[in-house]
Amino acid sequence: MPQANPIRHFLQFRDLSRDELYRLFERTRWIKDKFKRYERFWPLEDRTLVMIFEKQSTRTRLSFEAGMHQLGGAAIFLSTRDSQLGRGEPVEDAAQVISRMCDLVMIRTFEQDIVERFAANSRVPVINGLTNEYHPCQILADIYTYIEQRGDIKGKTVAWIGDSNNVCNTWLQAAEVLDFNVHVSTPPGYEVEPERANLHGTRHYEEFTDPMEAARGADLVTTDVWTSMGFEAENDARKKDFEDWQVDAEMMKVAGQGAVFMHCLPAHRGEEVSADVIDGPQSVVWDEAENRLHTQKALMEFLLQGKVKP
């Protein structure tokens with residue numbers, strides 16, 4: 001008797017292989033085209049996604065909830081503030097129960113350990129919607145956006161300007177899987193922690209003390225807020241530490257010809273990015289935000305149906 005396919009999770013970017021990612025990007029293009037043509041596509045009819053939020057969200061909730069409906073399924077929102085998860089129920093117990101009542105789980109929380117423990121006890125695929133360590137769904141959308149705008153990212157250079165946070169960590173993982181380079185520039189004391197980024201040792205990134213040098217010749221320049229969720233108590237100190245790490249028009253001028261600007265949003269104009277950059281012609285942030293919807297639809301189809309369709 002043949003065994004069922006093993007459950008696939010998406011907890012870190014490297015959980016998918018290079019070939020799977022490229023097929024996923026092609027599938028995203030196909031799904032997005034159908035969406036733009038107002039053509040019904042319901043491969044997940046009668047399937048249910050449970051979304052568990054410990055961290056607040058706009059784009060993550062909207063893109064997953066709308067995406068599941070557009071695939072013919074249903075999405076259920078759970079907050080730790082109004083469920084037993086917020087009252088001390090062990091993650092392992094919650095995973096056993098929740099995964100018996102749905103087909104797919106997305107979790108947006110603090111520690112990566114939470115999604116890892118949940119997945120280890122789940123009967124269905126689990127997606128990391130964001131943790132302190134990683135944001136793999138965001139980088140799926142970012143890389144698809146680059147491919148859509150400029151072509152293959154292999155061999156290209158991404159300049160990361162700002163905090164070495166969960167988004168930065170995921171860019172570094174993606175560079176290892178898809179063979180591109182990342183220039184990282186952070187203020188002193190905020191440098192990349194290779195162990196936290198969980199890199200495999202292949203050096204696909206270079207660190208720069210001068211953010212202008214990090215951006216020089218880059219194909220993609222990207223950043224994030226100076227103070228991520230969970231670090232609000234450090235906000236005043238971070239504003240002082242990061243004041244020279246703003247992506248502005250001068251920085252975009254030294255980037256490569258045809259370079260694009262990305263930001264995972266929400267953005268603070270006048271802090272990590274100037275208004276003329278995020279609202280300017282090199283910015284692709286609105287396409288990037290929309291593509292969360294389409295890449296995640298392709299991801300959910302893949303995790304539930306076991307393969308990326310041709």
# chains A, B, ... in the order shown; residues from 1 in each chain; ligands from 1
$ select_by_dssp --residues "region 197-237 of chain A" --states "alpha helix (DSSP H)" --output "ChimeraX atom specification"
/A:197,211-215,235-237
$ closest_atom_pairs --of "region 202-238 of chain A" --to "region 155-177 of chain A" --cutoff "6 Å" --atoms "only C-alpha atoms" --output "Markdown table"
| residue | atom | partner | partner_atom | distance |
| --- | --- | --- | --- | --- |
| A:Ala214 | CA | A:Ala159 | CA | 5.9 |
| A:Ala215 | CA | A:Ala159 | CA | 5.3 |
| A:Ala218 | CA | A:Thr157 | CA | 5.1 |
| A:Asp219 | CA | A:Thr157 | CA | 5.4 |
| A:Leu220 | CA | A:Val158 | CA | 4.8 |
| A:Val221 | CA | A:Ala159 | CA | 4.7 |
| A:Thr222 | CA | A:Trp160 | CA | 5.2 |
| A:Thr223 | CA | A:Ile161 | CA | 5.2 |
$ select_by_dssp --residues "region 111-191 of chain A" --states "strand (DSSP E or B)" --output "list in words"
Val126, Ile127, Asn128, Gly129, Leu130, Thr157, Val158, Ala159, Trp160, Ile161, Asn181, Val182, His183, Val184 and Ser185 of chain A
$ atom_distance --atom1 "CA of Gly201 (chain A)" --atom2 "CA of Ile147 (chain A)"
25.8 Å
$ atom_distance --atom1 "CA of Pro188 (chain A)" --atom2 "CA of Phe208 (chain A)"
10.4 Å
$ residues_around --residues "Ala94 (chain A)" --least-positions-apart "6" --cutoff "12 Å" --atoms "only C-alpha atoms" --output "number ranges by chain"
A: 52, 78, 80, 83-88, 100-101, 105, 114-115, 117-123
$ write_last_selection --atoms "N, CA and C atoms" --output "compact mmCIF listing (two decimals), in the first residue's frame"
# COMPACT_ATOMS: atom_id res chain seq x y z
N ILE A 52 -3.66 32.09 12.54
CA ILE A 52 -3.44 32.37 13.96
C ILE A 52 -2.52 33.59 14.08
N LEU A 78 -8.05 33.51 13.93
CA LEU A 78 -7.94 33.28 15.37
C LEU A 78 -6.86 34.21 15.92
N THR A 80 -4.59 35.13 19.43
CA THR A 80 -4.22 34.56 20.73
C THR A 80 -4.90 35.31 21.86
N SER A 83 -8.42 33.34 22.15
CA SER A 83 -8.46 31.88 22.04
C SER A 83 -7.67 31.27 23.19
N GLN A 84 -7.76 29.97 23.33
CA GLN A 84 -7.07 29.30 24.43
C GLN A 84 -5.54 29.39 24.30
N LEU A 85 -5.03 29.67 23.09
CA LEU A 85 -3.59 29.84 22.94
C LEU A 85 -3.08 31.00 23.77
N GLY A 86 -3.93 31.99 24.00
CA GLY A 86 -3.54 33.12 24.82
C GLY A 86 -3.77 32.90 26.29
N ARG A 87 -4.28 31.73 26.65
CA ARG A 87 -4.56 31.44 28.06
C ARG A 87 -3.73 30.26 28.55
N GLY A 88 -2.62 30.01 27.89
CA GLY A 88 -1.69 29.02 28.40
C GLY A 88 -1.81 27.63 27.82
N ARG A 100 -6.78 19.03 13.15
CA ARG A 100 -7.81 18.03 12.85
C ARG A 100 -9.08 18.68 12.30
N MET A 101 -9.15 20.01 12.34
CA MET A 101 -10.37 20.70 11.94
C MET A 101 -10.19 21.59 10.72
N VAL A 105 -2.68 25.74 8.02
CA VAL A 105 -2.55 26.70 9.12
C VAL A 105 -1.47 27.72 8.78
N ILE A 114 7.88 28.70 18.15
CA ILE A 114 6.44 28.44 18.24
C ILE A 114 5.93 27.77 16.96
N VAL A 115 6.30 28.31 15.79
CA VAL A 115 5.82 27.70 14.55
C VAL A 115 6.48 26.34 14.32
N ARG A 117 7.34 24.16 16.73
CA ARG A 117 6.66 23.21 17.61
C ARG A 117 5.26 22.90 17.10
N PHE A 118 4.57 23.92 16.59
CA PHE A 118 3.23 23.71 16.05
C PHE A 118 3.31 22.75 14.86
N ALA A 119 4.23 23.00 13.95
CA ALA A 119 4.36 22.16 12.76
C ALA A 119 4.71 20.72 13.12
N ALA A 120 5.53 20.53 14.14
CA ALA A 120 5.93 19.19 14.55
C ALA A 120 4.76 18.36 15.05
N ASN A 121 3.67 19.04 15.46
CA ASN A 121 2.50 18.34 16.00
C ASN A 121 1.26 18.51 15.12
N SER A 122 1.45 19.00 13.92
CA SER A 122 0.32 19.28 13.03
C SER A 122 0.13 18.15 12.02
N ARG A 123 -1.13 17.88 11.70
CA ARG A 123 -1.48 16.90 10.67
C ARG A 123 -1.62 17.55 9.30
$ closest_residue --among "A:Glu271, A:Glu54, A:Glu207, A:Glu45" --to "Lys240 (chain A)" --atoms "only C-alpha atoms"
A:Glu271
$ closest_residue --among "A:Leu199, A:Val247, A:Val277, A:Leu140" --to "Asn128 (chain A)" --atoms "only C-alpha atoms"
A:Leu140
$ closest_residue --among "A:Asp82, A:Asp103, A:Asp179, A:Asp287" --to "Val50 (chain A)" --atoms "only C-alpha atoms"
A:Asp103
$ residues_around --residues "Trp42 (chain A)" --least-positions-apart "4" --cutoff "8 Å" --atoms "only C-alpha atoms" --output "ChimeraX atom specification"
/A:70-73
$ write_last_selection --atoms "C-alpha atoms" --output "mmCIF file, in the first residue's frame"
data_model
loop_
_atom_site.group_PDB
_atom_site.id
_atom_site.type_symbol
_atom_site.label_atom_id
_atom_site.label_comp_id
_atom_site.auth_asym_id
_atom_site.auth_seq_id
_atom_site.Cartn_x
_atom_site.Cartn_y
_atom_site.Cartn_z
ATOM 1 C CA GLN A 70 -10.201 33.425 -4.347
ATOM 2 C CA LEU A 71 -9.009 29.795 -4.483
ATOM 3 C CA GLY A 72 -12.517 28.628 -3.511
ATOM 4 C CA GLY A 73 -11.784 27.884 0.140
#
$ closest_residue --among "A:Asp113, A:Lys297, A:Glu193, A:Leu303" --to "Lys34 (chain A)" --atoms "only C-alpha atoms"
A:Lys297
$ residues_around --residues "Cys102 (chain A)" --least-positions-apart "6" --cutoff "10 Å" --atoms "only C-alpha atoms" --output "number ranges by chain"
A: 47-50, 74-76, 123-125
$ decode --residues "region 178-296 of chain A" --atoms "C-alpha atoms" --output "short mmCIF file (atom, residue, chain, number, x, y, z; two decimals), in the first residue's frame"
data_model
loop_
_atom_site.label_atom_id
_atom_site.label_comp_id
_atom_site.auth_asym_id
_atom_site.auth_seq_id
_atom_site.Cartn_x
_atom_site.Cartn_y
_atom_site.Cartn_z
CA LEU A 178 18.64 31.16 -5.55
CA ASP A 179 22.29 32.18 -6.02
CA PHE A 180 22.29 35.97 -5.80
CA ASN A 181 24.19 38.40 -3.60
CA VAL A 182 23.13 40.65 -0.72
CA HIS A 183 24.97 43.78 0.38
CA VAL A 184 24.05 44.51 3.99
CA SER A 185 24.63 47.83 5.73
CA THR A 186 23.52 48.28 9.32
CA PRO A 187 24.48 50.73 12.06
CA PRO A 188 27.11 49.47 14.53
CA GLY A 189 25.55 47.01 16.95
CA TYR A 190 22.84 45.87 14.52
CA GLU A 191 24.95 43.62 12.30
CA VAL A 192 23.88 40.28 10.82
CA GLU A 193 24.00 37.33 13.21
CA PRO A 194 24.75 34.32 10.94
CA GLU A 195 23.49 31.84 13.56
CA ARG A 196 20.18 33.69 13.93
CA ALA A 197 19.80 33.89 10.16
CA ASN A 198 20.50 30.12 10.08
CA LEU A 199 22.85 30.32 7.12
CA HIS A 200 24.65 27.29 5.76
CA GLY A 201 28.03 28.96 5.50
CA THR A 202 28.02 29.83 1.81
CA ARG A 203 28.96 33.50 1.70
CA HIS A 204 26.33 35.14 -0.47
CA TYR A 205 26.43 38.42 1.41
CA GLU A 206 28.88 41.20 2.20
CA GLU A 207 28.64 43.71 5.02
CA PHE A 208 29.27 47.44 4.54
CA THR A 209 29.72 50.14 7.16
CA ASP A 210 28.75 52.78 4.57
CA PRO A 211 25.18 52.34 3.27
CA MET A 212 26.02 54.26 0.07
CA GLU A 213 28.70 51.68 -0.77
CA ALA A 214 26.25 48.86 -0.09
CA ALA A 215 23.81 50.36 -2.59
CA ARG A 216 26.44 51.13 -5.24
CA GLY A 217 25.67 49.14 -8.39
CA ALA A 218 22.85 47.17 -6.74
CA ASP A 219 19.96 45.85 -8.83
CA LEU A 220 17.46 46.09 -5.96
CA VAL A 221 17.55 48.36 -2.91
CA THR A 222 15.32 47.47 0.02
CA THR A 223 14.78 48.39 3.64
CA ASP A 224 12.33 48.10 6.53
CA VAL A 225 11.21 50.19 9.49
CA TRP A 226 13.90 51.02 12.01
CA THR A 227 11.85 49.58 14.88
CA SER A 228 10.16 46.23 14.27
CA MET A 229 7.22 44.94 16.32
CA GLY A 230 8.39 43.82 19.73
CA PHE A 231 11.18 46.40 19.91
CA GLU A 232 9.08 49.51 20.52
CA ALA A 233 10.89 50.26 23.80
CA GLU A 234 14.05 50.88 21.74
CA ASN A 235 12.37 53.32 19.34
CA ASP A 236 14.06 56.56 20.49
CA ALA A 237 17.52 54.98 20.55
CA ARG A 238 16.99 53.38 17.16
CA LYS A 239 15.94 56.66 15.55
CA LYS A 240 19.27 58.14 16.60
CA ASP A 241 21.31 55.07 15.62
CA PHE A 242 19.69 54.71 12.17
CA GLU A 243 19.50 58.36 11.10
CA ASP A 244 22.23 57.89 8.44
CA TRP A 245 20.59 54.72 7.06
CA GLN A 246 17.79 56.29 5.05
CA VAL A 247 17.22 55.20 1.45
CA ASP A 248 16.99 58.52 -0.40
CA ALA A 249 17.28 59.78 -3.98
CA GLU A 250 21.07 60.12 -3.71
CA MET A 251 21.38 56.48 -2.69
CA MET A 252 19.15 55.29 -5.53
CA LYS A 253 21.31 57.25 -7.99
CA VAL A 254 24.39 55.21 -7.11
CA ALA A 255 22.48 51.93 -7.48
CA GLY A 256 22.68 50.05 -10.76
CA GLN A 257 20.96 51.20 -13.91
CA GLY A 258 17.35 50.02 -13.75
CA ALA A 259 17.52 49.36 -10.00
CA VAL A 260 14.20 49.06 -8.18
CA PHE A 261 13.22 50.00 -4.64
CA MET A 262 11.23 47.68 -2.35
CA HIS A 263 9.79 47.94 1.15
CA CYS A 264 7.69 45.30 2.92
CA LEU A 265 5.44 48.05 4.43
CA PRO A 266 4.17 49.79 6.46
CA ALA A 267 6.71 52.54 5.71
CA HIS A 268 7.69 55.61 7.69
CA ARG A 269 8.44 58.30 5.12
CA GLY A 270 11.24 60.52 6.33
CA GLU A 271 12.80 57.75 8.41
CA GLU A 272 14.02 54.60 6.65
CA VAL A 273 12.99 55.92 3.22
CA SER A 274 12.39 59.35 1.77
CA ALA A 275 9.01 60.15 0.25
CA ASP A 276 10.49 60.87 -3.18
CA VAL A 277 11.92 57.35 -3.33
CA ILE A 278 8.95 55.30 -2.14
CA ASP A 279 6.59 57.38 -4.30
CA GLY A 280 9.05 57.69 -7.17
CA PRO A 281 9.53 55.90 -10.50
CA GLN A 282 11.99 53.29 -9.19
CA SER A 283 9.61 52.13 -6.47
CA VAL A 284 7.69 48.89 -7.01
CA VAL A 285 6.25 48.68 -3.49
CA TRP A 286 2.59 48.55 -4.57
CA ASP A 287 3.20 45.67 -7.00
CA GLU A 288 5.28 44.04 -4.26
CA ALA A 289 2.41 44.37 -1.78
CA GLU A 290 -0.14 42.96 -4.24
CA ASN A 291 2.12 40.04 -5.06
CA ARG A 292 1.83 38.78 -1.48
CA LEU A 293 -1.67 37.73 -2.56
CA HIS A 294 -0.60 35.87 -5.68
CA THR A 295 2.55 34.15 -4.41
CA GLN A 296 0.71 32.93 -1.32
#
